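K.L.:
Sharing query_6.pdb (PDB, C-alpha atoms) below.
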```
ATOM      1  CA  MET R   1      24.041   1.950 -19.652
ATOM      2  CA  ALA R   2      24.384   2.472 -15.909
ATOM      3  CA  THR R   3      24.139   0.134 -12.959
ATOM      4  CA  ILE R   4      21.928   1.063 -10.033
ATOM      5  CA  THR R   5      21.704  -0.610  -6.635
ATOM      6  CA  ILE R   6      18.493  -0.287  -4.636
ATOM      7  CA  GLY R   7      18.085  -1.465  -1.039
ATOM      8  CA  ILE R   8      14.624  -2.122   0.379
ATOM      9  CA  MET R   9      13.353  -3.136   3.806
ATOM     10  CA  ASP R  10       9.558  -3.142   3.852
ATOM     11  CA  PRO R  11       7.687  -6.461   3.837
ATOM     12  CA  PRO R  12       4.869  -7.284   1.449
ATOM     13  CA  LEU R  13       1.459  -5.708   2.041
ATOM     14  CA  GLU R  14       2.535  -3.118   4.612
ATOM     15  CA  ALA R  15       3.737   0.050   2.899
ATOM     16  CA  GLU R  16       3.672   1.995  -0.321
ATOM     17  CA  ASN R  17       7.494   2.032  -0.367
ATOM     18  CA  ILE R  18       7.529  -1.293  -2.160
ATOM     19  CA  THR R  19       5.321  -0.117  -5.012
ATOM     20  CA  THR R  20       7.591   2.931  -5.312
ATOM     21  CA  ALA R  21      10.690   0.734  -5.382
ATOM     22  CA  PHE R  22       9.158  -1.554  -8.005
ATOM     23  CA  ARG R  23       8.272   1.442 -10.165
ATOM     24  CA  LEU R  24      11.841   2.772  -9.907
ATOM     25  CA  ILE R  25      13.244  -0.632 -10.834
ATOM     26  CA  ASP R  26      10.785  -0.874 -13.727
ATOM     27  CA  ALA R  27      11.747   2.587 -15.019
ATOM     28  CA  ALA R  28      15.471   1.865 -14.803
ATOM     29  CA  LEU R  29      15.140  -1.441 -16.668
ATOM     30  CA  ARG R  30      13.019   0.182 -19.388
ATOM     31  CA  LYS R  31      15.737   2.785 -19.882
ATOM     32  CA  GLY R  32      18.288   0.003 -20.365
ATOM     33  CA  HIS R  33      20.047   0.123 -17.015
ATOM     34  CA  ASN R  34      21.190  -2.816 -14.909
ATOM     35  CA  VAL R  35      19.627  -3.001 -11.463
ATOM     36  CA  ASN R  36      20.805  -4.725  -8.297
ATOM     37  CA  VAL R  37      18.291  -5.151  -5.500
ATOM     38  CA  PHE R  38      19.239  -5.982  -1.925
ATOM     39  CA  ALA R  39      16.265  -7.015   0.199
ATOM     40  CA  TYR R  40      16.809  -6.634   3.941
ATOM     41  CA  GLU R  41      14.603  -7.654   6.892
ATOM     42  CA  GLY R  42      10.910  -7.907   5.958
ATOM     43  CA  ALA R  43      11.637  -7.281   2.285
ATOM     44  CA  VAL R  44      12.887 -10.878   1.945
ATOM     45  CA  GLY R  45       9.202 -11.795   2.032
ATOM     46  CA  LEU R  46       8.639 -10.086  -1.302
ATOM     47  CA  THR R  47       9.997 -13.081  -3.199
ATOM     48  CA  SER R  48       8.629 -15.795  -0.932
ATOM     49  CA  MET R  49       7.025 -18.727  -2.719
ATOM     50  CA  GLY R  50       4.416 -18.796   0.055
ATOM     51  CA  LEU R  51       2.684 -15.626  -1.125
ATOM     52  CA  ALA R  52      -0.782 -16.310  -2.486
ATOM     53  CA  ARG R  53      -3.618 -14.526  -4.207
ATOM     54  CA  HIS R  54      -6.938 -14.334  -2.403
ATOM     55  CA  ALA R  55     -10.550 -13.327  -2.841
ATOM     56  CA  ASP R  56     -12.053 -10.313  -1.060
ATOM     57  CA  PRO R  57     -14.680 -11.340   1.496
ATOM     58  CA  VAL R  58     -15.725  -7.704   2.055
ATOM     59  CA  THR R  59     -16.651  -6.938  -1.542
ATOM     60  CA  GLY R  60     -17.354 -10.528  -2.518
ATOM     61  CA  ALA R  61     -14.922 -10.337  -5.436
ATOM     62  CA  SER R  62     -13.417 -13.678  -6.480
ATOM     63  CA  VAL R  63      -9.718 -14.392  -6.913
ATOM     64  CA  GLU R  64     -10.185 -14.074 -10.666
ATOM     65  CA  GLU R  65     -12.052 -10.774 -10.394
ATOM     66  CA  MET R  66      -9.450  -9.339  -8.041
ATOM     67  CA  ASP R  67      -6.562 -10.477 -10.267
ATOM     68  CA  HIS R  68      -4.591  -9.851  -7.108
ATOM     69  CA  PRO R  69      -0.883  -9.410  -7.742
ATOM     70  CA  THR R  70       1.651 -10.783  -5.318
ATOM     71  CA  THR R  71       5.031  -9.133  -4.950
ATOM     72  CA  ARG R  72       6.693 -12.376  -6.040
ATOM     73  CA  GLU R  73       4.785 -12.202  -9.312
ATOM     74  CA  TRP R  74       5.844  -8.582  -9.731
ATOM     75  CA  VAL R  75       9.488  -9.525  -9.211
ATOM     76  CA  GLU R  76       9.118 -12.368 -11.729
ATOM     77  CA  SER R  77       7.637  -9.824 -14.084
ATOM     78  CA  LEU R  78      10.570  -7.470 -13.556
ATOM     79  CA  GLN R  79      12.955 -10.359 -14.239
ATOM     80  CA  ALA R  80      11.105 -10.984 -17.514
ATOM     81  CA  LEU R  81      11.321  -7.292 -18.418
ATOM     82  CA  ALA R  82      15.086  -7.323 -17.805
ATOM     83  CA  ARG R  83      15.484 -10.311 -20.144
ATOM     84  CA  THR R  84      13.420  -8.546 -22.795
ATOM     85  CA  LYS R  85      15.552  -5.420 -22.504
ATOM     86  CA  GLY R  86      18.840  -7.354 -22.457
ATOM     87  CA  VAL R  87      19.866  -5.926 -19.071
ATOM     88  CA  LYS R  88      20.592  -7.538 -15.710
ATOM     89  CA  LEU R  89      18.355  -7.581 -12.658
ATOM     90  CA  THR R  90      20.052  -9.232  -9.690
ATOM     91  CA  TRP R  91      18.017  -9.838  -6.557
ATOM     92  CA  THR R  92      19.873 -10.591  -3.325
ATOM     93  CA  ASN R  93      18.009 -11.363  -0.133
ATOM     94  CA  CYS R  94      19.581 -11.104   3.311
ATOM     95  CA  GLY R  95      20.168 -14.762   4.138
ATOM     96  CA  LEU R  96      19.847 -14.388   7.889
ATOM     97  CA  CYS R  97      16.602 -12.475   7.442
ATOM     98  CA  ILE R  98      15.231 -15.380   5.392
ATOM     99  CA  GLU R  99      16.208 -17.935   8.033
ATOM    100  CA  GLU R 100      14.761 -16.050  10.991
ATOM    101  CA  ARG R 101      11.447 -15.675   9.164
ATOM    102  CA  GLY R 102      11.281 -19.243   7.901
ATOM    103  CA  LEU R 103      10.999 -18.036   4.316
ATOM    104  CA  GLY R 104      13.478 -20.455   2.765
ATOM    105  CA  ALA R 105      11.352 -21.185  -0.293
ATOM    106  CA  GLN R 106      12.305 -18.296  -2.565
ATOM    107  CA  LEU R 107      11.778 -17.313  -6.172
ATOM    108  CA  ASP R 108      14.175 -18.720  -8.763
ATOM    109  CA  GLY R 109      16.753 -16.200  -9.860
ATOM    110  CA  THR R 110      17.154 -14.703  -6.402
ATOM    111  CA  SER R 111      20.032 -15.452  -4.053
ATOM    112  CA  ALA R 112      20.851 -15.162  -0.382
ATOM    113  CA  GLY R 113      23.645 -12.877   0.783
ATOM    114  CA  ALA R 114      25.014 -10.799   3.635
ATOM    115  CA  PRO R 115      25.307  -7.060   4.381
ATOM    116  CA  LYS R 116      28.769  -6.989   2.803
ATOM    117  CA  ASP R 117      27.152  -7.982  -0.500
ATOM    118  CA  LEU R 118      25.133  -4.763  -0.419
ATOM    119  CA  ILE R 119      28.324  -2.746  -0.032
ATOM    120  CA  ASP R 120      30.034  -4.620  -2.860
ATOM    121  CA  LEU R 121      27.028  -4.032  -5.117
ATOM    122  CA  ALA R 122      26.788  -0.358  -4.173
ATOM    123  CA  ASP R 123      30.519   0.249  -4.633
ATOM    124  CA  ALA R 124      30.361  -1.220  -8.129
ATOM    125  CA  SER R 125      27.304   0.865  -9.101
ATOM    126  CA  ASP R 126      26.835   4.287 -10.649
ATOM    127  CA  GLY R 127      23.964   5.044  -8.301
ATOM    128  CA  PHE R 128      22.781   3.758  -4.920
ATOM    129  CA  LEU R 129      19.439   4.251  -3.202
ATOM    130  CA  PHE R 130      18.349   2.685   0.076
ATOM    131  CA  ILE R 131      14.670   2.903   1.008
ATOM    132  CA  PRO R 132      14.403   2.113   4.739
ATOM    133  CA  THR R 133      11.281   1.128   6.578
ATOM    134  CA  LYS R 134       9.727   3.539   9.078
TER     135      LYS R 134
ATOM    136  CA  MET S   1     -21.326  -3.946  22.132
ATOM    137  CA  ASN S   2     -18.882  -1.021  22.088
ATOM    138  CA  ARG S   3     -18.889   1.403  19.173
ATOM    139  CA  TYR S   4     -15.591   1.816  17.339
ATOM    140  CA  LEU S   5     -14.180   4.849  15.574
ATOM    141  CA  SER S   6     -11.649   4.120  12.835
ATOM    142  CA  VAL S   7      -9.328   7.079  12.450
ATOM    143  CA  ILE S   8      -7.656   6.986   9.052
ATOM    144  CA  GLU S   9      -4.660   9.322   8.962
ATOM    145  CA  THR S  10      -2.089   7.557   6.744
ATOM    146  CA  PRO S  11      -3.490   6.943   3.258
ATOM    147  CA  TYR S  12      -2.164   4.736   0.478
ATOM    148  CA  ARG S  13      -0.494   2.225   2.784
ATOM    149  CA  ALA S  14       0.285  -0.721   0.468
ATOM    150  CA  VAL S  15      -2.887   0.009  -1.491
ATOM    151  CA  HIS S  16      -1.531  -1.295  -4.789
ATOM    152  CA  GLU S  17      -0.587  -4.623  -3.235
ATOM    153  CA  GLU S  18      -3.843  -4.897  -1.293
ATOM    154  CA  GLN S  19      -6.029  -3.199  -3.920
ATOM    155  CA  CYS S  20      -7.656  -1.277  -1.067
ATOM    156  CA  ASP S  21      -6.843   0.710   2.061
ATOM    157  CA  THR S  22      -6.201  -1.744   4.870
ATOM    158  CA  GLY S  23      -7.803   0.454   7.559
ATOM    159  CA  LEU S  24     -10.957   1.016   5.537
ATOM    160  CA  TRP S  25     -11.124  -2.668   4.582
ATOM    161  CA  PHE S  26     -10.833  -3.746   8.224
ATOM    162  CA  THR S  27     -13.527  -1.273   9.218
ATOM    163  CA  HIS S  28     -15.832  -2.577   6.505
ATOM    164  CA  ALA S  29     -15.236  -6.148   7.681
ATOM    165  CA  LEU S  30     -16.202  -5.072  11.222
ATOM    166  CA  ARG S  31     -19.367  -3.466   9.888
ATOM    167  CA  ASN S  32     -20.289  -6.616   7.977
ATOM    168  CA  ALA S  33     -19.829  -8.524  11.236
ATOM    169  CA  GLY S  34     -22.405  -6.292  12.944
ATOM    170  CA  VAL S  35     -20.048  -3.984  14.826
ATOM    171  CA  GLY S  36     -21.040  -0.331  15.230
ATOM    172  CA  VAL S  37     -18.307   1.656  13.494
ATOM    173  CA  GLY S  38     -17.606   5.158  12.289
ATOM    174  CA  VAL S  39     -14.752   6.473  10.170
ATOM    175  CA  LEU S  40     -12.810   9.689  10.604
ATOM    176  CA  LEU S  41     -10.648  10.963   7.762
ATOM    177  CA  ARG S  42      -7.940  13.293   9.036
ATOM    178  CA  GLY S  43      -4.456  14.438   8.061
ATOM    179  CA  ASN S  44      -3.311  13.241   4.652
ATOM    180  CA  ALA S  45      -6.149  10.703   4.538
ATOM    181  CA  VAL S  46      -8.659  13.479   3.782
ATOM    182  CA  VAL S  47      -7.786  12.805   0.124
ATOM    183  CA  TYR S  48     -10.005   9.720   0.368
ATOM    184  CA  GLY S  49     -12.947  12.114   0.705
ATOM    185  CA  VAL S  50     -12.390  13.739  -2.702
ATOM    186  CA  HIS S  51     -14.939  12.805  -5.349
ATOM    187  CA  HIS S  52     -14.372  11.908  -9.014
ATOM    188  CA  GLN S  53     -11.134  10.070  -8.235
ATOM    189  CA  LYS S  54      -9.510   8.142 -11.056
ATOM    190  CA  GLN S  55      -7.109   5.279 -10.684
ATOM    191  CA  PRO S  56      -4.371   5.432 -13.320
ATOM    192  CA  ARG S  57      -3.363   2.076 -14.747
ATOM    193  CA  LEU S  58      -0.205   0.611 -13.252
ATOM    194  CA  THR S  59       2.237  -1.661 -15.030
ATOM    195  CA  ILE S  60       5.193  -3.224 -13.257
ATOM    196  CA  GLY S  61       7.507  -5.227 -15.434
ATOM    197  CA  MET S  62       5.392  -7.225 -17.857
ATOM    198  CA  LYS S  63       2.321  -7.237 -15.627
ATOM    199  CA  ASP S  64      -0.643  -4.853 -15.677
ATOM    200  CA  VAL S  65      -2.505  -4.327 -12.420
ATOM    201  CA  ALA S  66      -6.063  -4.765 -13.602
ATOM    202  CA  VAL S  67      -7.848  -3.823 -10.369
ATOM    203  CA  GLY S  68      -6.417  -0.753  -8.700
ATOM    204  CA  PRO S  69      -7.349   0.822  -5.379
ATOM    205  CA  ASN S  70      -9.937   3.606  -5.264
ATOM    206  CA  GLY S  71     -10.393   5.440  -1.973
ATOM    207  CA  GLU S  72     -13.566   7.193  -3.111
ATOM    208  CA  ASN S  73     -15.270   3.900  -3.952
ATOM    209  CA  GLU S  74     -14.298   2.490  -0.558
ATOM    210  CA  ILE S  75     -15.725   5.523   1.247
ATOM    211  CA  ARG S  76     -18.946   5.382  -0.788
ATOM    212  CA  ALA S  77     -19.281   1.646  -0.080
ATOM    213  CA  LEU S  78     -18.935   2.254   3.660
ATOM    214  CA  MET S  79     -21.560   4.995   3.587
ATOM    215  CA  ALA S  80     -23.877   2.748   1.586
ATOM    216  CA  ASN S  81     -23.438   0.232   4.409
ATOM    217  CA  ARG S  82     -24.687   2.862   6.882
ATOM    218  CA  VAL S  83     -21.270   3.827   8.237
ATOM    219  CA  THR S  84     -20.945   7.510   9.161
ATOM    220  CA  VAL S  85     -17.787   8.993   7.654
ATOM    221  CA  TYR S  86     -16.422  12.224   9.126
ATOM    222  CA  ILE S  87     -13.806  14.451   7.546
ATOM    223  CA  VAL S  88     -11.740  17.117   9.302
ATOM    224  CA  VAL S  89     -12.447  20.177   7.199
ATOM    225  CA  ASP S  90      -9.410  22.091   8.511
ATOM    226  CA  ASP S  91      -7.094  19.289   7.366
ATOM    227  CA  ALA S  92      -8.863  19.282   3.998
ATOM    228  CA  ALA S  93      -8.606  23.063   3.598
ATOM    229  CA  ASP S  94      -4.887  22.918   4.482
ATOM    230  CA  ARG S  95      -4.541  20.711   1.387
ATOM    231  CA  GLY S  96      -6.720  22.825  -0.897
ATOM    232  CA  ILE S  97      -9.729  20.533  -0.610
ATOM    233  CA  PHE S  98     -13.060  22.253  -0.026
ATOM    234  CA  LYS S  99     -16.725  21.275   0.224
ATOM    235  CA  ASP S 100     -17.359  21.225  -3.528
ATOM    236  CA  ASP S 101     -14.462  18.772  -3.967
ATOM    237  CA  MET S 102     -15.817  16.269  -1.472
ATOM    238  CA  ILE S 103     -18.029  13.199  -1.696
ATOM    239  CA  PRO S 104     -21.621  14.185  -0.828
ATOM    240  CA  GLY S 105     -22.758  12.773   2.484
ATOM    241  CA  LEU S 106     -19.485  13.162   4.390
ATOM    242  CA  GLN S 107     -19.905  14.683   7.827
ATOM    243  CA  HIS S 108     -17.771  17.840   7.948
ATOM    244  CA  LEU S 109     -16.043  18.311  11.275
ATOM    245  CA  PRO S 110     -13.851  21.184  12.531
ATOM    246  CA  ARG S 111     -10.585  20.071  14.132
ATOM    247  CA  GLY S 112     -11.692  21.553  17.445
ATOM    248  CA  TRP S 113     -14.564  19.070  17.693
ATOM    249  CA  LEU S 114     -12.423  15.949  17.579
ATOM    250  CA  GLY S 115     -12.513  15.533  21.350
ATOM    251  CA  LYS S 116     -16.310  15.413  21.361
ATOM    252  CA  LEU S 117     -16.330  12.956  18.487
ATOM    253  CA  TYR S 118     -13.858  10.654  20.254
ATOM    254  CA  ASP S 119     -15.970  10.838  23.407
ATOM    255  CA  SER S 120     -18.990   9.572  21.466
ATOM    256  CA  TYR S 121     -17.261   6.249  20.694
ATOM    257  CA  GLN S 122     -16.135   3.713  23.285
ATOM    258  CA  ARG S 123     -13.093   2.527  21.296
ATOM    259  CA  VAL S 124     -10.780   4.282  18.848
ATOM    260  CA  ILE S 125      -8.528   2.548  16.319
ATOM    261  CA  HIS S 126      -5.953   4.912  14.855
ATOM    262  CA  TRP S 127      -4.615   3.698  11.518
TER     263      TRP S 127
END
```
Written as structure tokens, that's how I'd like the structure from this file.

P.N.:
Amino acid sequence: MATITIGIMDPPLEAENITTAFRLIDAALRKGHNVNVFAYEGAVGLTSMGLARHADPVTGASVEEMDHPTTREWVESLQALARTKGVKLTWTNCGLCIEERGLGAQLDGTSAGAPKDLIDLADASDGFLFIPTK
Amino acid sequence: MNRYLSVIETPYRAVHEEQCDTGLWFTHALRNAGVGVGVLLRGNAVVYGVHHQKQPRLTIGMKDVAVGPNGENEIRALMANRVTVYIVVDDAADRGIFKDDMIPGLQHLPRGWLGKLYDSYQRVIHW
């Protein structure tokens, strides 16, 4: 069992990087590895409690028909997968980034930290990947 | 009212979160609001012009994504709503995509004609 730290920066609903990161996290957990995530800048919005599903006014599809996932629900789902697999998924948001965006209401099981926390997590890991925004 | 050309060059931007391409969705919303719009697929976004696309099922954690994005369906829906969709055939050929691979009804455009196309619209939105 290895421990991997992944840093992400992109906010919800803006880039495909987040789907890629989620898939990497998913794959690592399924293989029985522990994963640390450090969310920096816009990525702190991924676990915001303010995210909401919506209908699609262009196609006329309802909320139920869309079954629209939010990133917070995906992170909850990854937390559930980690419990099922008996591995750890830690999720640390940049605290300052949360404050400056007014996103204080965050998903249970996540915590607020500082850049030094990313270094501590990375130093204690077998692998480290940072996916910056562009 | 001015006519708008939506230039789609970056595909797959957050499509799994949005369940659609944000540029195409915005363009379709403009069309539904009565705005005269056209769409140009260029660069990597020419892949949206390929027909018979399939959307593989995606599972993240314990959650299946039931409704995935499908660029072909979005392009066909725009054309059904009387939006002209152009595709830069040179960009497509660079990626191994040729006429037989493309959605019928796309307007094939050589790269050298882009200037004339842009001149035929009053506003250009480059996604």

K.L.:
Give me, as a tab-separated table, the closest atom pair and its distance (Å, one decimal) for every residue of chain S within a cut-off of 12 Å of chain R, counting all atoms listed in the file, rows sorted by chain and rising number.

P.N.:
```
residue	atom	partner	partner_atom	distance
S:Thr10	CA	R:Ala15	CA	10.3
S:Pro11	CA	R:Glu16	CA	9.4
S:Tyr12	CA	R:Glu16	CA	6.5
S:Arg13	CA	R:Ala15	CA	4.8
S:Ala14	CA	R:Ala15	CA	4.3
S:Val15	CA	R:Glu16	CA	7.0
S:His16	CA	R:Thr19	CA	7.0
S:Glu17	CA	R:Leu13	CA	5.8
S:Glu18	CA	R:Leu13	CA	6.3
S:Gln19	CA	R:His68	CA	7.5
S:Cys20	CA	R:Asp56	CA	10.0
S:Asp21	CA	R:Glu14	CA	10.4
S:Thr22	CA	R:Glu14	CA	8.8
S:Gly23	CA	R:Glu14	CA	11.3
S:Leu24	CA	R:Val58	CA	10.5
S:Trp25	CA	R:Val58	CA	7.3
S:Phe26	CA	R:Val58	CA	8.8
S:Thr27	CA	R:Val58	CA	9.9
S:His28	CA	R:Val58	CA	6.8
S:Ala29	CA	R:Val58	CA	5.9
S:Leu30	CA	R:Val58	CA	9.5
S:Arg31	CA	R:Val58	CA	9.6
S:Asn32	CA	R:Val58	CA	7.6
S:Ala33	CA	R:Val58	CA	10.1
S:Leu58	CA	R:Arg23	CA	9.1
S:Thr59	CA	R:Arg23	CA	8.3
S:Ile60	CA	R:Asp26	CA	6.1
S:Gly61	CA	R:Leu78	CA	4.2
S:Met62	CA	R:Ser77	CA	5.1
S:Lys63	CA	R:Ser77	CA	6.1
S:Asp64	CA	R:Pro69	CA	9.2
S:Val65	CA	R:Pro69	CA	7.1
S:Ala66	CA	R:Asp67	CA	6.6
S:Val67	CA	R:Met66	CA	6.2
S:Gly68	CA	R:Met66	CA	9.1
S:Pro69	CA	R:Met66	CA	10.7
S:Asn73	CA	R:Thr59	CA	11.2
S:Glu74	CA	R:Thr59	CA	9.8
S:Ala77	CA	R:Thr59	CA	9.1
S:Leu78	CA	R:Val58	CA	10.6
S:Asn81	CA	R:Val58	CA	11.3
```

K.L.:
Please list as a PyMOL selection string every residue within 12 Å of range 108-122 of chain R, counting all atoms listed in the file and excluding residues in the same chain fewer than 2 positions away.

P.N.:
chain R and resi 3-8+34-41+44-49+72-73+75-80+83+88-99+103-106+124-130

K.L.:
Using only C-alpha atoms, which of R:Thr20, R:Leu107, R:Pro132, R:Lys85 sits nearest Ala43 in chain R?

P.N.:
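Ranking R:Thr20, R:Leu107, R:Pro132, R:Lys85 by distance to Ala43 in chain R, first place goes to R:Pro132.
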
K.L.:
To verify the selection step, state as a PyMOL selection string which residues the PyMOL selection byres ((chain S and resi 48) around 12) yields on this input.

P.N.:
chain S and resi 8-12+20-21+23-24+39-47+49-54+69-76+85-88+92+97+101-103+106

K.L.:
Record the distance separating CA of Leu117 in chain S and CA of Asp91 in chain S, expressed in Å with one decimal.

P.N.:
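Pair CA of Leu117 in chain S / CA of Asp91 in chain S returns 15.8 Å.
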
K.L.:
Quick one: pull the distance between CA of Val37 in chain S and CA of Arg82 in chain S, Å, one decimal.

P.N.:
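Separation between CA of Val37 in chain S and CA of Arg82 in chain S: 9.3 Å.
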
K.L.:
To one decimal place, how far is CA of Pro110 in chain S from CA of Val89 in chain S in Å?

P.N.:
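About the pair CA of Pro110 in chain S and CA of Val89 in chain S: they are 5.6 Å apart.
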
K.L.:
Got a minute to add all heavy atoms to range 37-46 of chain S and dump it as a PDB file, keeping the file's coordinate frame?

P.N.:
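The resulting file, result33.pdb, is shown below:
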```pdb
ATOM      1  N   VAL S  37     -19.572   0.982  13.821  1.00  0.00           N
ATOM      2  CA  VAL S  37     -18.307   1.656  13.494  1.00  0.00           C
ATOM      3  C   VAL S  37     -18.579   3.000  12.826  1.00  0.00           C
ATOM      4  O   VAL S  37     -19.596   3.201  12.163  1.00  0.00           O
ATOM      5  CB  VAL S  37     -17.422   0.811  12.539  1.00  0.00           C
ATOM      6  CG1 VAL S  37     -16.867  -0.405  13.239  1.00  0.00           C
ATOM      7  CG2 VAL S  37     -18.191   0.414  11.287  1.00  0.00           C
ATOM      8  N   GLY S  38     -17.642   3.905  13.021  1.00  0.00           N
ATOM      9  CA  GLY S  38     -17.606   5.158  12.289  1.00  0.00           C
ATOM     10  C   GLY S  38     -16.205   5.333  11.738  1.00  0.00           C
ATOM     11  O   GLY S  38     -15.264   4.659  12.171  1.00  0.00           O
ATOM     12  N   VAL S  39     -16.062   6.223  10.779  1.00  0.00           N
ATOM     13  CA  VAL S  39     -14.752   6.473  10.170  1.00  0.00           C
ATOM     14  C   VAL S  39     -14.473   7.969  10.241  1.00  0.00           C
ATOM     15  O   VAL S  39     -15.355   8.787   9.955  1.00  0.00           O
ATOM     16  CB  VAL S  39     -14.725   6.000   8.698  1.00  0.00           C
ATOM     17  CG1 VAL S  39     -13.469   6.508   7.992  1.00  0.00           C
ATOM     18  CG2 VAL S  39     -14.789   4.479   8.619  1.00  0.00           C
ATOM     19  N   LEU S  40     -13.259   8.301  10.626  1.00  0.00           N
ATOM     20  CA  LEU S  40     -12.810   9.689  10.604  1.00  0.00           C
ATOM     21  C   LEU S  40     -11.624   9.807   9.657  1.00  0.00           C
ATOM     22  O   LEU S  40     -10.622   9.104   9.832  1.00  0.00           O
ATOM     23  CB  LEU S  40     -12.395  10.133  12.015  1.00  0.00           C
ATOM     24  CG  LEU S  40     -11.693  11.494  12.102  1.00  0.00           C
ATOM     25  CD1 LEU S  40     -12.646  12.631  11.720  1.00  0.00           C
ATOM     26  CD2 LEU S  40     -11.125  11.728  13.514  1.00  0.00           C
ATOM     27  N   LEU S  41     -11.758  10.677   8.667  1.00  0.00           N
ATOM     28  CA  LEU S  41     -10.648  10.963   7.762  1.00  0.00           C
ATOM     29  C   LEU S  41      -9.951  12.223   8.256  1.00  0.00           C
ATOM     30  O   LEU S  41     -10.582  13.277   8.352  1.00  0.00           O
ATOM     31  CB  LEU S  41     -11.154  11.177   6.329  1.00  0.00           C
ATOM     32  CG  LEU S  41     -11.936  10.034   5.701  1.00  0.00           C
ATOM     33  CD1 LEU S  41     -12.458  10.441   4.317  1.00  0.00           C
ATOM     34  CD2 LEU S  41     -11.077   8.775   5.593  1.00  0.00           C
ATOM     35  N   ARG S  42      -8.690  12.128   8.574  1.00  0.00           N
ATOM     36  CA  ARG S  42      -7.940  13.293   9.036  1.00  0.00           C
ATOM     37  C   ARG S  42      -6.531  13.261   8.444  1.00  0.00           C
ATOM     38  O   ARG S  42      -6.122  12.262   7.861  1.00  0.00           O
ATOM     39  CB  ARG S  42      -7.891  13.354  10.564  1.00  0.00           C
ATOM     40  CG  ARG S  42      -7.119  12.244  11.225  1.00  0.00           C
ATOM     41  CD  ARG S  42      -7.019  12.444  12.737  1.00  0.00           C
ATOM     42  NE  ARG S  42      -6.416  13.735  13.066  1.00  0.00           N
ATOM     43  CZ  ARG S  42      -6.124  14.127  14.309  1.00  0.00           C
ATOM     44  NH1 ARG S  42      -6.395  13.339  15.330  1.00  0.00           N
ATOM     45  NH2 ARG S  42      -5.567  15.300  14.529  1.00  0.00           N
ATOM     46  N   GLY S  43      -5.813  14.371   8.599  1.00  0.00           N
ATOM     47  CA  GLY S  43      -4.456  14.438   8.061  1.00  0.00           C
ATOM     48  C   GLY S  43      -4.451  14.180   6.563  1.00  0.00           C
ATOM     49  O   GLY S  43      -5.367  14.575   5.841  1.00  0.00           O
ATOM     50  N   ASN S  44      -3.424  13.496   6.097  1.00  0.00           N
ATOM     51  CA  ASN S  44      -3.311  13.241   4.652  1.00  0.00           C
ATOM     52  C   ASN S  44      -4.432  12.357   4.119  1.00  0.00           C
ATOM     53  O   ASN S  44      -4.692  12.346   2.917  1.00  0.00           O
ATOM     54  CB  ASN S  44      -1.960  12.589   4.343  1.00  0.00           C
ATOM     55  CG  ASN S  44      -0.816  13.575   4.450  1.00  0.00           C
ATOM     56  OD1 ASN S  44      -1.004  14.773   4.231  1.00  0.00           O
ATOM     57  ND2 ASN S  44       0.372  13.086   4.784  1.00  0.00           N
ATOM     58  N   ALA S  45      -5.096  11.622   4.996  1.00  0.00           N
ATOM     59  CA  ALA S  45      -6.149  10.703   4.538  1.00  0.00           C
ATOM     60  C   ALA S  45      -7.421  11.442   4.100  1.00  0.00           C
ATOM     61  O   ALA S  45      -8.329  10.805   3.568  1.00  0.00           O
ATOM     62  CB  ALA S  45      -6.488   9.689   5.630  1.00  0.00           C
ATOM     63  N   VAL S  46      -7.476  12.762   4.279  1.00  0.00           N
ATOM     64  CA  VAL S  46      -8.659  13.479   3.782  1.00  0.00           C
ATOM     65  C   VAL S  46      -8.780  13.340   2.261  1.00  0.00           C
ATOM     66  O   VAL S  46      -9.871  13.539   1.710  1.00  0.00           O
ATOM     67  CB  VAL S  46      -8.640  14.976   4.171  1.00  0.00           C
ATOM     68  CG1 VAL S  46      -8.732  15.142   5.680  1.00  0.00           C
ATOM     69  CG2 VAL S  46      -7.408  15.682   3.608  1.00  0.00           C
TER      70      VAL S  46
END
```
